Amino acid sequence: MESPLPLQSLRVGGAELLFDGVKEHQVTLPSQSEPWDMKQLLVWIQRNLLKERPELFVQGDSVRPGILVLINDADWELMGELEYQLQDQDNVVFISTLHGG
Amino acid sequence: MADEVSCLKAQLSEREEEILALKRKLARLEKSHTSVLKLHDKVTNLEPLPAKASLCNEDIMRYSRQLLLPELSVQGQLRLSKTSVLVVGCGGLGCPLAQYLAAAGIGRLGLLDYDEVELSNLHRQVLHGEESQGQAKALSAAGAVRRLNSTVECVPYHLQLSSENAMQLLQQYDIVADCSDNVPTRYLVNDACVLSGKPLVSASALRMEGQLTVYNYRGGPCYRCLYPRPPPPETVTNCSDGGVLGVVPGIMGCLQALEVLKIASGQGSSCGQQLVIFDAQDTRFRSIRLRPKQAGCAVCGENPTVTQLVDYESLCGSAATDKCRRLNLLSRDQRITVQDYKSILDNGVSHLLLDVRPLVEVDICHLPFSVNIPLSSLEERKCEHIRLLQERIRQLKEQMAGDCRPAVYVICKLGNDSQKAVQVLEKMSGSDVDEITAKDICGGLMAWAQKIDPSFPQY
């Protein structure tokens, strides 16, 4: 019998204006039989961290235009975007693009 | 006899040198005082930048401290003098950028800005002074840059960069720096850089954060590779709404200058596929590895759909400025003017004045009889604020004779958030709170300051 996957602990940061002004959340995802991927994490964040106005964070099943997702200091495009399977201790940061000058 | 001759010769050559030095000084003074900086209100074709074969003695002295660097050296300095850079936006990023490029001896600086200098710019736009208020930013910046280094050729453009003029302008420059303050201009500058093959050194800043990347450089990604679709306009915050600590764009503009100088001198930039994020709160820089150039990119990909400049304001759904938008969410009978509100006050009509700005803005200034509940608290139905509102409406009802609905007038800075708040209050009326009539005050506190009470501060 396969042993259940260990609980995944992540750091989720950035977009603090959406996350109640908190810059970084230490997050423990509930254990499940398959590894967590980014697509599931976005849904989980929406339900658990974002209280208001989800349209400022997600659009369809991805993040809205103008938010860049970083996984361990790399653009998530390099990591497989929504399909990326999260590892324990990963650092996921949502960056709002700035336009001011 | 021979002694006397050589002594006279020495004295003569000393005098000659003195005369030469005086002539040089005179020429410099005449150049900086008689040649008036010509402000360009449209794009014209400039003469090519003359190539310098060698550095003169004055150049050597002026740039000596950077000539000593093997990374730059004489060759790099000569390359700088042959390089032209277009600075799009002479604000918080463009000022320090232009300053350091001029100080370092760049050949030609195009300084573009459609705007004029205002008092609220001075905390971050450090080339402009109190005496430049009302002057075109491009001209003010060019004047300051020329005082610093008169050997740099400055071309001030007092115009809005557009799909019509961008290609002709960018083709005349070697490197483009995006120091703009709005989304449409960022897409416009990117596309024009891709279409004309120019590297784009781009930075941005807001509140206590900054970002920097070099786009379209040595096969790296362009802005559209990273951001194929523009953000929804309501998610974009500008400096006049969100605020910015002046030194933050200052630091980012200096970083832009660094990358421009490395590209111009031949050292090359390492930011071509990298995003540098500056967190000014924690004084921390982070370097992010970015995606490569995208084969499917609409402008720099293999089958581009954008082959000429488009309408960027309609692409982004917003204007190419950082001035605040004027919303129009309510019908005319849901709004009153500041003059209407003044007569309500003068006639002693019972009402509640609700100020829906964030607390940090209420601390700057507020009307003494207003009750502050920020729009976000209303939208989130924050318990303590809803209780406060219920309480004040109940008190108001007690004061009022008969059973007419209590009037709630909503005010904010400019009259945008107050309209949103009226919409929230209308949903709450009769459920979360007693039935009320909510109206917003057009133009907000800034209209109050301009039309009713000139002693009220503006920000």
# chains A, B, ... in the order shown; residues from 1 in each chain; ligands from 1
>>> closest_atom_pairs(of="chain A", to="chain B", cutoff="9 Å", atoms="only C-alpha atoms", output="CSV")
residue,atom,partner,partner_atom,distance
A:Lys51,CA,B:Glu380,CA,8.9
A:Glu52,CA,B:Glu380,CA,7.2
A:Leu56,CA,B:Thr235,CA,6.6
A:Arg64,CA,B:Pro231,CA,7.2
A:Pro65,CA,B:Pro231,CA,4.7
A:Gly66,CA,B:Pro231,CA,4.7
A:Ile67,CA,B:Pro231,CA,8.2
A:Leu68,CA,B:Leu226,CA,8.1
A:Leu70,CA,B:Ile288,CA,7.8
A:Asn72,CA,B:Ile288,CA,8.9
A:Asp73,CA,B:Ile288,CA,5.1
A:Ala74,CA,B:Arg289,CA,4.7
A:Asp75,CA,B:Leu290,CA,5.0
A:Trp76,CA,B:Arg291,CA,8.1
A:Glu77,CA,B:Arg291,CA,6.0
A:Leu78,CA,B:Arg291,CA,5.8
A:Thr97,CA,B:Gln211,CA,8.0
A:Leu98,CA,B:Ser204,CA,5.7
A:His99,CA,B:Ser204,CA,5.4
A:Gly100,CA,B:Asp181,CA,4.2
A:Gly101,CA,B:Asp181,CA,4.6
>>> write_last_selection(atoms="N, CA and C atoms", output="PDB file, in the first residue's frame")
ATOM      1  N   LYS A  51     -10.753  36.954   0.549  1.00  0.00           N
ATOM      2  CA  LYS A  51     -12.093  37.053   1.097  1.00  0.00           C
ATOM      3  C   LYS A  51     -13.029  37.785   0.129  1.00  0.00           C
ATOM      4  N   GLU A  52     -12.491  38.781  -0.527  1.00  0.00           N
ATOM      5  CA  GLU A  52     -13.332  39.663  -1.343  1.00  0.00           C
ATOM      6  C   GLU A  52     -12.807  39.750  -2.765  1.00  0.00           C
ATOM      7  N   LEU A  56     -10.264  40.319  -8.966  1.00  0.00           N
ATOM      8  CA  LEU A  56      -8.988  41.034  -9.004  1.00  0.00           C
ATOM      9  C   LEU A  56      -7.809  40.054  -9.023  1.00  0.00           C
ATOM     10  N   ARG A  64      -5.487  36.652 -13.381  1.00  0.00           N
ATOM     11  CA  ARG A  64      -5.923  37.679 -14.334  1.00  0.00           C
ATOM     12  C   ARG A  64      -4.709  38.325 -15.011  1.00  0.00           C
ATOM     13  N   PRO A  65      -4.913  38.920 -16.204  1.00  0.00           N
ATOM     14  CA  PRO A  65      -3.807  39.633 -16.846  1.00  0.00           C
ATOM     15  C   PRO A  65      -3.244  40.715 -15.923  1.00  0.00           C
ATOM     16  N   GLY A  66      -1.925  40.851 -15.931  1.00  0.00           N
ATOM     17  CA  GLY A  66      -1.303  41.848 -15.064  1.00  0.00           C
ATOM     18  C   GLY A  66      -0.760  41.260 -13.774  1.00  0.00           C
ATOM     19  N   ILE A  67      -0.951  39.953 -13.560  1.00  0.00           N
ATOM     20  CA  ILE A  67      -0.315  39.291 -12.419  1.00  0.00           C
ATOM     21  C   ILE A  67       0.679  38.276 -12.967  1.00  0.00           C
ATOM     22  N   LEU A  68       1.905  38.343 -12.448  1.00  0.00           N
ATOM     23  CA  LEU A  68       2.943  37.408 -12.849  1.00  0.00           C
ATOM     24  C   LEU A  68       3.138  36.433 -11.689  1.00  0.00           C
ATOM     25  N   LEU A  70       5.329  33.661  -9.730  1.00  0.00           N
ATOM     26  CA  LEU A  70       6.706  33.208  -9.562  1.00  0.00           C
ATOM     27  C   LEU A  70       6.715  31.961  -8.689  1.00  0.00           C
ATOM     28  N   ASN A  72       9.462  29.768  -6.774  1.00  0.00           N
ATOM     29  CA  ASN A  72      10.870  29.744  -6.357  1.00  0.00           C
ATOM     30  C   ASN A  72      11.721  30.704  -7.193  1.00  0.00           C
ATOM     31  N   ASP A  73      11.260  31.956  -7.249  1.00  0.00           N
ATOM     32  CA  ASP A  73      11.984  33.025  -7.951  1.00  0.00           C
ATOM     33  C   ASP A  73      12.157  32.789  -9.442  1.00  0.00           C
ATOM     34  N   ALA A  74      11.279  31.999 -10.051  1.00  0.00           N
ATOM     35  CA  ALA A  74      11.293  31.864 -11.511  1.00  0.00           C
ATOM     36  C   ALA A  74       9.879  32.081 -12.032  1.00  0.00           C
ATOM     37  N   ASP A  75       9.805  32.678 -13.211  1.00  0.00           N
ATOM     38  CA  ASP A  75       8.555  32.856 -13.942  1.00  0.00           C
ATOM     39  C   ASP A  75       7.880  31.478 -14.068  1.00  0.00           C
ATOM     40  N   TRP A  76       6.602  31.378 -13.729  1.00  0.00           N
ATOM     41  CA  TRP A  76       5.957  30.054 -13.736  1.00  0.00           C
ATOM     42  C   TRP A  76       5.846  29.468 -15.134  1.00  0.00           C
ATOM     43  N   GLU A  77       6.012  30.309 -16.167  1.00  0.00           N
ATOM     44  CA  GLU A  77       5.985  29.800 -17.534  1.00  0.00           C
ATOM     45  C   GLU A  77       7.110  28.787 -17.740  1.00  0.00           C
ATOM     46  N   LEU A  78       8.230  28.991 -17.008  1.00  0.00           N
ATOM     47  CA  LEU A  78       9.367  28.072 -17.119  1.00  0.00           C
ATOM     48  C   LEU A  78       9.107  26.763 -16.377  1.00  0.00           C
ATOM     49  N   THR A  97       1.929  43.622 -11.763  1.00  0.00           N
ATOM     50  CA  THR A  97       2.768  44.475 -12.607  1.00  0.00           C
ATOM     51  C   THR A  97       2.516  45.928 -12.253  1.00  0.00           C
ATOM     52  N   LEU A  98       3.580  46.693 -12.127  1.00  0.00           N
ATOM     53  CA  LEU A  98       3.441  48.122 -11.822  1.00  0.00           C
ATOM     54  C   LEU A  98       3.535  48.914 -13.117  1.00  0.00           C
ATOM     55  N   HIS A  99       2.836  50.027 -13.163  1.00  0.00           N
ATOM     56  CA  HIS A  99       2.872  50.861 -14.372  1.00  0.00           C
ATOM     57  C   HIS A  99       3.255  52.294 -14.087  1.00  0.00           C
ATOM     58  N   GLY A 100       3.373  52.654 -12.834  1.00  0.00           N
ATOM     59  CA  GLY A 100       3.636  54.040 -12.468  1.00  0.00           C
ATOM     60  C   GLY A 100       5.080  54.437 -12.722  1.00  0.00           C
ATOM     61  N   GLY A 101       5.284  55.735 -12.768  1.00  0.00           N
ATOM     62  CA  GLY A 101       6.649  56.203 -12.970  1.00  0.00           C
ATOM     63  C   GLY A 101       6.681  57.691 -12.697  1.00  0.00           C
TER      64      GLY A 101
END
>>> select_by_dssp(residues="chain A", states="helix (DSSP H, G or I)", output="JSON, numbers by chain")
{"A": [38, 39, 40, 41, 42, 43, 44, 45, 46, 47, 48, 54, 55, 56, 76, 77, 78, 79, 81, 82, 83]}
>>> residues_around(residues="A:Glu24", least_positions_apart="2", cutoff="9 Å", atoms="only C-alpha atoms", output="number ranges by chain")
A: 11-14, 16, 19, 22, 26, 93
>>> write_last_selection(atoms="all heavy atoms", output="mmCIF file, in the first residue's frame")
data_model
loop_
_atom_site.group_PDB
_atom_site.id
_atom_site.type_symbol
_atom_site.label_atom_id
_atom_site.label_comp_id
_atom_site.auth_asym_id
_atom_site.auth_seq_id
_atom_site.Cartn_x
_atom_site.Cartn_y
_atom_site.Cartn_z
ATOM 1 N N ARG A 11 5.027 28.670 1.015
ATOM 2 C CA ARG A 11 4.909 30.087 1.320
ATOM 3 C C ARG A 11 4.206 30.746 0.141
ATOM 4 O O ARG A 11 4.587 30.538 -1.008
ATOM 5 C CB ARG A 11 6.284 30.709 1.536
ATOM 6 C CG ARG A 11 6.833 30.384 2.918
ATOM 7 C CD ARG A 11 8.117 31.121 3.170
ATOM 8 N NE ARG A 11 9.144 30.701 2.227
ATOM 9 C CZ ARG A 11 10.184 31.450 1.895
ATOM 10 N NH1 ARG A 11 10.331 32.653 2.396
ATOM 11 N NH2 ARG A 11 11.090 31.006 1.045
ATOM 12 N N VAL A 12 3.162 31.490 0.426
ATOM 13 C CA VAL A 12 2.424 32.183 -0.622
ATOM 14 C C VAL A 12 2.521 33.675 -0.337
ATOM 15 O O VAL A 12 2.172 34.131 0.756
ATOM 16 C CB VAL A 12 0.947 31.739 -0.658
ATOM 17 C CG1 VAL A 12 0.169 32.559 -1.679
ATOM 18 C CG2 VAL A 12 0.847 30.261 -0.997
ATOM 19 N N GLY A 13 3.031 34.431 -1.311
ATOM 20 C CA GLY A 13 3.240 35.856 -1.042
ATOM 21 C C GLY A 13 2.841 36.742 -2.195
ATOM 22 O O GLY A 13 2.340 36.274 -3.209
ATOM 23 N N GLY A 14 3.104 38.032 -2.019
ATOM 24 C CA GLY A 14 2.778 39.026 -3.040
ATOM 25 C C GLY A 14 1.312 39.364 -3.014
ATOM 26 O O GLY A 14 0.553 38.837 -2.192
ATOM 27 N N GLU A 16 -0.303 41.559 -1.783
ATOM 28 C CA GLU A 16 -0.775 41.697 -0.399
ATOM 29 C C GLU A 16 -2.030 42.552 -0.279
ATOM 30 O O GLU A 16 -2.757 42.437 0.695
ATOM 31 C CB GLU A 16 0.328 42.222 0.521
ATOM 32 C CG GLU A 16 0.930 43.556 0.107
ATOM 33 C CD GLU A 16 2.207 43.358 -0.695
ATOM 34 O OE1 GLU A 16 2.331 42.340 -1.386
ATOM 35 O OE2 GLU A 16 3.064 44.255 -0.620
ATOM 36 N N PHE A 19 -4.565 40.038 -0.250
ATOM 37 C CA PHE A 19 -4.492 39.092 0.859
ATOM 38 C C PHE A 19 -4.504 39.811 2.199
ATOM 39 O O PHE A 19 -3.676 39.536 3.064
ATOM 40 C CB PHE A 19 -3.221 38.234 0.757
ATOM 41 C CG PHE A 19 -3.161 37.361 -0.467
ATOM 42 C CD1 PHE A 19 -1.939 37.030 -1.027
ATOM 43 C CD2 PHE A 19 -4.308 36.858 -1.050
ATOM 44 C CE1 PHE A 19 -1.869 36.214 -2.154
ATOM 45 C CE2 PHE A 19 -4.248 36.041 -2.171
ATOM 46 C CZ PHE A 19 -3.026 35.724 -2.727
ATOM 47 N N VAL A 22 -1.282 41.140 4.081
ATOM 48 C CA VAL A 22 -0.220 40.254 4.559
ATOM 49 C C VAL A 22 0.690 39.916 3.386
ATOM 50 O O VAL A 22 0.236 39.514 2.326
ATOM 51 C CB VAL A 22 -0.806 38.960 5.167
ATOM 52 C CG1 VAL A 22 0.312 38.059 5.682
ATOM 53 C CG2 VAL A 22 -1.773 39.307 6.287
ATOM 54 N N GLN A 26 2.279 31.503 5.392
ATOM 55 C CA GLN A 26 2.773 30.127 5.493
ATOM 56 C C GLN A 26 1.527 29.249 5.389
ATOM 57 O O GLN A 26 0.598 29.385 6.184
ATOM 58 C CB GLN A 26 3.496 29.913 6.830
ATOM 59 C CG GLN A 26 4.255 28.605 6.923
ATOM 60 C CD GLN A 26 5.488 28.579 6.007
ATOM 61 O OE1 GLN A 26 6.206 29.548 5.897
ATOM 62 N NE2 GLN A 26 5.691 27.446 5.340
ATOM 63 N N VAL A 93 4.852 33.236 -5.388
ATOM 64 C CA VAL A 93 4.634 34.676 -5.203
ATOM 65 C C VAL A 93 3.831 35.222 -6.388
ATOM 66 O O VAL A 93 4.097 34.868 -7.534
ATOM 67 C CB VAL A 93 5.985 35.429 -5.088
ATOM 68 C CG1 VAL A 93 5.743 36.919 -4.921
ATOM 69 C CG2 VAL A 93 6.787 34.900 -3.919
#
>>> closest_residue(among="B:Asp333, B:Asp241, B:Glu313, B:Asp191", to="B:Gly301", atoms="only C-alpha atoms")
B:Asp191
>>> residues_around(residues="B:Val260", least_positions_apart="6", cutoff="12 Å", atoms="only C-alpha atoms", output="MDAnalysis selection string")
chainID B and resid 79:80 83:87 97:98 100:102 104 106 109 174:178 198:203 212:215 217 253:254 266:272
>>> write_last_selection(atoms="C-alpha atoms", output="compact mmCIF listing (two decimals), in the first residue's frame")
# COMPACT_ATOMS: atom_id res chain seq x y z
CA ARG B 79 30.76 54.57 -27.52
CA LEU B 80 28.65 56.50 -24.97
CA THR B 83 24.81 56.75 -28.45
CA SER B 84 21.41 58.41 -28.51
CA VAL B 85 18.79 57.50 -25.91
CA LEU B 86 15.08 58.32 -25.94
CA VAL B 87 13.60 58.87 -22.48
CA LEU B 97 17.81 58.45 -15.55
CA ALA B 98 18.42 61.54 -17.70
CA TYR B 100 23.00 60.07 -14.79
CA LEU B 101 23.09 59.54 -18.56
CA ALA B 102 24.03 63.18 -19.07
CA ALA B 104 28.17 60.00 -17.79
CA ILE B 106 25.84 60.06 -23.38
CA LEU B 109 19.19 62.55 -25.03
CA ASP B 174 19.70 53.67 -30.36
CA ILE B 175 18.15 52.78 -27.00
CA VAL B 176 14.69 53.51 -25.58
CA ALA B 177 13.91 53.91 -21.87
CA ASP B 178 10.29 53.49 -20.79
CA LYS B 198 15.52 48.84 -30.41
CA PRO B 199 16.35 47.56 -26.92
CA LEU B 200 13.84 48.77 -24.32
CA VAL B 201 15.03 49.49 -20.78
CA SER B 202 11.82 49.55 -18.78
CA ALA B 203 11.14 50.37 -15.14
CA LEU B 212 12.96 46.63 -13.90
CA THR B 213 13.46 44.57 -17.08
CA VAL B 214 15.23 45.04 -20.41
CA TYR B 215 12.96 43.94 -23.27
CA TYR B 217 17.31 42.70 -26.20
CA GLY B 253 15.51 55.31 -12.61
CA CYS B 254 19.14 54.96 -11.47
CA GLY B 266 29.26 47.68 -25.05
CA GLN B 267 29.33 45.83 -21.71
CA GLY B 268 25.80 44.56 -22.25
CA SER B 269 22.91 44.18 -19.83
CA SER B 270 22.12 41.03 -17.87
CA CYS B 271 18.46 42.04 -17.46
CA GLY B 272 17.33 40.81 -20.88
>>> atom_distance(atom1="atom CA of A:Val63", atom2="atom CA of A:Glu34")
22.4 Å
>>> residues_around(residues="B:Thr337", least_positions_apart="2", cutoff="7 Å", atoms="only C-alpha atoms", output="short mmCIF file (atom, residue, chain, number, x, y, z; two decimals) with N, CA, C and O atoms, in the first residue's frame")
data_model
loop_
_atom_site.label_atom_id
_atom_site.label_comp_id
_atom_site.auth_asym_id
_atom_site.auth_seq_id
_atom_site.Cartn_x
_atom_site.Cartn_y
_atom_site.Cartn_z
N ARG B 335 -27.01 62.65 -7.64
CA ARG B 335 -25.80 63.41 -7.40
C ARG B 335 -26.16 64.85 -7.06
O ARG B 335 -27.13 65.39 -7.56
N GLN B 339 -21.95 73.18 -4.63
CA GLN B 339 -22.78 74.36 -4.33
C GLN B 339 -24.09 73.94 -3.64
O GLN B 339 -24.50 74.56 -2.65
N ASP B 340 -24.71 72.84 -4.16
CA ASP B 340 -25.92 72.30 -3.51
C ASP B 340 -25.62 71.95 -2.06
O ASP B 340 -26.39 72.25 -1.15
N TYR B 341 -24.47 71.29 -1.87
CA TYR B 341 -24.15 70.85 -0.52
C TYR B 341 -23.92 72.04 0.41
O TYR B 341 -24.32 72.02 1.57
N ILE B 441 -21.53 63.63 -3.78
CA ILE B 441 -21.18 65.03 -4.05
C ILE B 441 -20.19 65.06 -5.21
O ILE B 441 -19.06 64.60 -5.08
N CYS B 442 -20.64 65.59 -6.35
CA CYS B 442 -19.83 65.61 -7.58
C CYS B 442 -18.50 66.31 -7.35
O CYS B 442 -18.46 67.41 -6.79
#
>>> select_by_dssp(residues="stretch 308-353 of chain B", states="strand (DSSP E or B)", output="list in words")
Arg335, Ile336, Leu352 and Leu353 of chain B
>>> atom_distance(atom1="atom CA of B:Tyr187", atom2="atom CA of B:Cys324")
19.5 Å
>>> residues_around(residues="stretch 444-456 of chain B", least_positions_apart="5", cutoff="9 Å", atoms="only C-alpha atoms", output="mmCIF file with all heavy atoms, in the first residue's frame")
data_model
loop_
_atom_site.group_PDB
_atom_site.id
_atom_site.type_symbol
_atom_site.label_atom_id
_atom_site.label_comp_id
_atom_site.auth_asym_id
_atom_site.auth_seq_id
_atom_site.Cartn_x
_atom_site.Cartn_y
_atom_site.Cartn_z
ATOM 1 N N THR B 337 -24.171 68.897 -6.430
ATOM 2 C CA THR B 337 -22.917 69.633 -6.631
ATOM 3 C C THR B 337 -22.412 70.140 -5.284
ATOM 4 O O THR B 337 -23.135 70.093 -4.282
ATOM 5 C CB THR B 337 -23.137 70.850 -7.552
ATOM 6 O OG1 THR B 337 -24.038 71.738 -6.866
ATOM 7 C CG2 THR B 337 -23.734 70.438 -8.878
ATOM 8 N N VAL B 338 -21.184 70.620 -5.272
ATOM 9 C CA VAL B 338 -20.664 71.193 -4.018
ATOM 10 C C VAL B 338 -21.456 72.447 -3.633
ATOM 11 O O VAL B 338 -21.628 72.725 -2.439
ATOM 12 C CB VAL B 338 -19.148 71.508 -4.106
ATOM 13 C CG1 VAL B 338 -18.326 70.239 -3.994
ATOM 14 C CG2 VAL B 338 -18.772 72.269 -5.366
ATOM 15 N N GLN B 339 -21.954 73.177 -4.628
ATOM 16 C CA GLN B 339 -22.779 74.363 -4.330
ATOM 17 C C GLN B 339 -24.090 73.941 -3.643
ATOM 18 O O GLN B 339 -24.502 74.556 -2.653
ATOM 19 C CB GLN B 339 -23.111 75.148 -5.614
ATOM 20 C CG GLN B 339 -21.930 75.893 -6.226
ATOM 21 C CD GLN B 339 -21.136 75.034 -7.216
ATOM 22 O OE1 GLN B 339 -21.328 73.820 -7.295
ATOM 23 N NE2 GLN B 339 -20.220 75.669 -7.936
ATOM 24 N N LYS B 342 -23.293 73.092 -0.124
ATOM 25 C CA LYS B 342 -23.059 74.305 0.668
ATOM 26 C C LYS B 342 -24.400 74.873 1.142
ATOM 27 O O LYS B 342 -24.537 75.274 2.310
ATOM 28 C CB LYS B 342 -22.305 75.338 -0.203
ATOM 29 C CG LYS B 342 -22.072 76.699 0.423
ATOM 30 C CD LYS B 342 -20.970 76.605 1.469
ATOM 31 C CE LYS B 342 -20.407 77.969 1.881
ATOM 32 N NZ LYS B 342 -21.364 78.922 2.375
ATOM 33 N N CYS B 365 -6.691 65.695 5.269
ATOM 34 C CA CYS B 365 -7.685 66.759 5.408
ATOM 35 C C CYS B 365 -9.079 66.134 5.398
ATOM 36 O O CYS B 365 -9.279 65.070 4.814
ATOM 37 C CB CYS B 365 -7.586 67.766 4.252
ATOM 38 S SG CYS B 365 -7.779 67.016 2.623
ATOM 39 N N HIS B 366 -10.019 66.769 6.070
ATOM 40 C CA HIS B 366 -11.409 66.310 6.015
ATOM 41 C C HIS B 366 -12.318 67.428 6.498
ATOM 42 O O HIS B 366 -11.861 68.391 7.123
ATOM 43 C CB HIS B 366 -11.611 65.053 6.862
ATOM 44 C CG HIS B 366 -11.298 65.251 8.313
ATOM 45 N ND1 HIS B 366 -10.015 65.092 8.838
ATOM 46 C CD2 HIS B 366 -12.082 65.614 9.355
ATOM 47 C CE1 HIS B 366 -10.046 65.347 10.124
ATOM 48 N NE2 HIS B 366 -11.270 65.669 10.474
ATOM 49 N N LEU B 367 -13.599 67.308 6.179
ATOM 50 C CA LEU B 367 -14.564 68.273 6.703
ATOM 51 C C LEU B 367 -14.894 67.850 8.131
ATOM 52 O O LEU B 367 -15.097 66.654 8.395
ATOM 53 C CB LEU B 367 -15.814 68.298 5.818
ATOM 54 C CG LEU B 367 -15.571 68.880 4.418
ATOM 55 C CD1 LEU B 367 -16.791 68.696 3.531
ATOM 56 C CD2 LEU B 367 -15.179 70.355 4.496
ATOM 57 N N VAL B 410 -22.510 61.480 0.301
ATOM 58 C CA VAL B 410 -21.242 60.757 0.302
ATOM 59 C C VAL B 410 -20.190 61.585 -0.421
ATOM 60 O O VAL B 410 -20.432 62.112 -1.512
ATOM 61 C CB VAL B 410 -21.390 59.387 -0.389
ATOM 62 C CG1 VAL B 410 -20.091 58.588 -0.267
ATOM 63 C CG2 VAL B 410 -22.554 58.618 0.206
ATOM 64 N N ILE B 411 -19.020 61.699 0.205
ATOM 65 C CA ILE B 411 -17.946 62.493 -0.397
ATOM 66 C C ILE B 411 -16.650 61.692 -0.398
ATOM 67 O O ILE B 411 -16.445 60.811 0.452
ATOM 68 C CB ILE B 411 -17.780 63.849 0.346
ATOM 69 C CG1 ILE B 411 -17.070 64.869 -0.542
ATOM 70 C CG2 ILE B 411 -17.049 63.671 1.684
ATOM 71 C CD1 ILE B 411 -17.297 66.311 -0.125
ATOM 72 N N CYS B 412 -15.795 61.961 -1.409
ATOM 73 C CA CYS B 412 -14.453 61.370 -1.432
ATOM 74 C C CYS B 412 -13.519 62.435 -2.002
ATOM 75 O O CYS B 412 -13.827 63.613 -1.917
ATOM 76 C CB CYS B 412 -14.423 60.080 -2.257
ATOM 77 S SG CYS B 412 -14.826 60.329 -3.987
ATOM 78 N N LYS B 413 -12.390 62.045 -2.586
ATOM 79 C CA LYS B 413 -11.465 63.066 -3.084
ATOM 80 C C LYS B 413 -11.988 63.727 -4.362
ATOM 81 O O LYS B 413 -12.074 64.942 -4.452
ATOM 82 C CB LYS B 413 -10.091 62.448 -3.329
ATOM 83 C CG LYS B 413 -9.048 63.448 -3.800
ATOM 84 C CD LYS B 413 -7.739 62.758 -4.178
ATOM 85 C CE LYS B 413 -6.755 63.766 -4.757
ATOM 86 N NZ LYS B 413 -5.571 63.125 -5.355
ATOM 87 N N LEU B 414 -12.353 62.899 -5.351
ATOM 88 C CA LEU B 414 -12.676 63.439 -6.681
ATOM 89 C C LEU B 414 -14.076 63.119 -7.172
ATOM 90 O O LEU B 414 -14.474 63.551 -8.243
ATOM 91 C CB LEU B 414 -11.675 62.901 -7.717
ATOM 92 C CG LEU B 414 -10.238 63.410 -7.610
ATOM 93 C CD1 LEU B 414 -9.308 62.556 -8.444
ATOM 94 C CD2 LEU B 414 -10.149 64.866 -8.043
ATOM 95 N N GLY B 415 -14.803 62.287 -6.414
ATOM 96 C CA GLY B 415 -16.162 61.969 -6.837
ATOM 97 C C GLY B 415 -16.291 60.669 -7.617
ATOM 98 O O GLY B 415 -17.281 60.488 -8.334
ATOM 99 N N ASN B 416 -15.303 59.775 -7.515
ATOM 100 C CA ASN B 416 -15.432 58.444 -8.124
ATOM 101 C C ASN B 416 -15.876 57.411 -7.091
ATOM 102 O O ASN B 416 -16.906 56.759 -7.239
ATOM 103 C CB ASN B 416 -14.117 58.005 -8.764
ATOM 104 C CG ASN B 416 -13.796 58.784 -10.039
ATOM 105 O OD1 ASN B 416 -14.700 59.315 -10.681
ATOM 106 N ND2 ASN B 416 -12.542 58.857 -10.398
ATOM 107 N N SER B 418 -17.108 57.922 -4.261
ATOM 108 C CA SER B 418 -18.375 58.288 -3.636
ATOM 109 C C SER B 418 -19.556 57.732 -4.428
ATOM 110 O O SER B 418 -20.587 57.369 -3.858
ATOM 111 C CB SER B 418 -18.480 59.809 -3.502
ATOM 112 O OG SER B 418 -18.327 60.429 -4.760
#
>>> closest_residue(among="B:Ser140, B:Asn328, B:Asn45, B:Gln66", to="B:Gly105", atoms="only C-alpha atoms")
B:Gln66
>>> atom_distance(atom1="atom CA of B:Gln395", atom2="atom CA of B:Thr437")
15.3 Å
>>> residues_around(residues="stretch 35-44 of chain B", least_positions_apart="3", cutoff="8 Å", atoms="only C-alpha atoms", output="PyMOL selection string")
chain B and resi 30-32+138-139+142-143+154-159+165+168-169
>>> closest_residue(among="A:Asp90, A:Gln59, A:Ser96, A:Ile71", to="A:Val27", atoms="only C-alpha atoms")
A:Asp90
>>> decode(residues="stretch 39-44 of chain B", atoms="N, CA, C and O atoms", output="compact mmCIF listing (two decimals), in the first residue's frame")
# COMPACT_ATOMS: atom_id res chain seq x y z
N LEU B 39 12.20 73.65 -27.97
CA LEU B 39 11.21 72.65 -27.56
C LEU B 39 10.49 72.13 -28.80
O LEU B 39 9.93 72.92 -29.57
N HIS B 40 10.52 70.82 -28.99
CA HIS B 40 9.87 70.24 -30.17
C HIS B 40 8.44 69.85 -29.83
O HIS B 40 8.21 69.12 -28.88
N ASP B 41 7.47 70.36 -30.62
CA ASP B 41 6.09 69.95 -30.38
C ASP B 41 5.65 68.91 -31.40
O ASP B 41 4.52 68.47 -31.41
N LYS B 42 6.56 68.57 -32.32
CA LYS B 42 6.31 67.43 -33.19
C LYS B 42 7.64 66.75 -33.52
O LYS B 42 8.70 67.31 -33.27
N VAL B 43 7.54 65.54 -34.07
CA VAL B 43 8.75 64.78 -34.35
C VAL B 43 9.35 65.24 -35.67
O VAL B 43 8.65 65.32 -36.68
N THR B 44 10.63 65.59 -35.64
CA THR B 44 11.33 65.95 -36.88
C THR B 44 12.55 65.05 -36.99
O THR B 44 12.93 64.39 -36.02
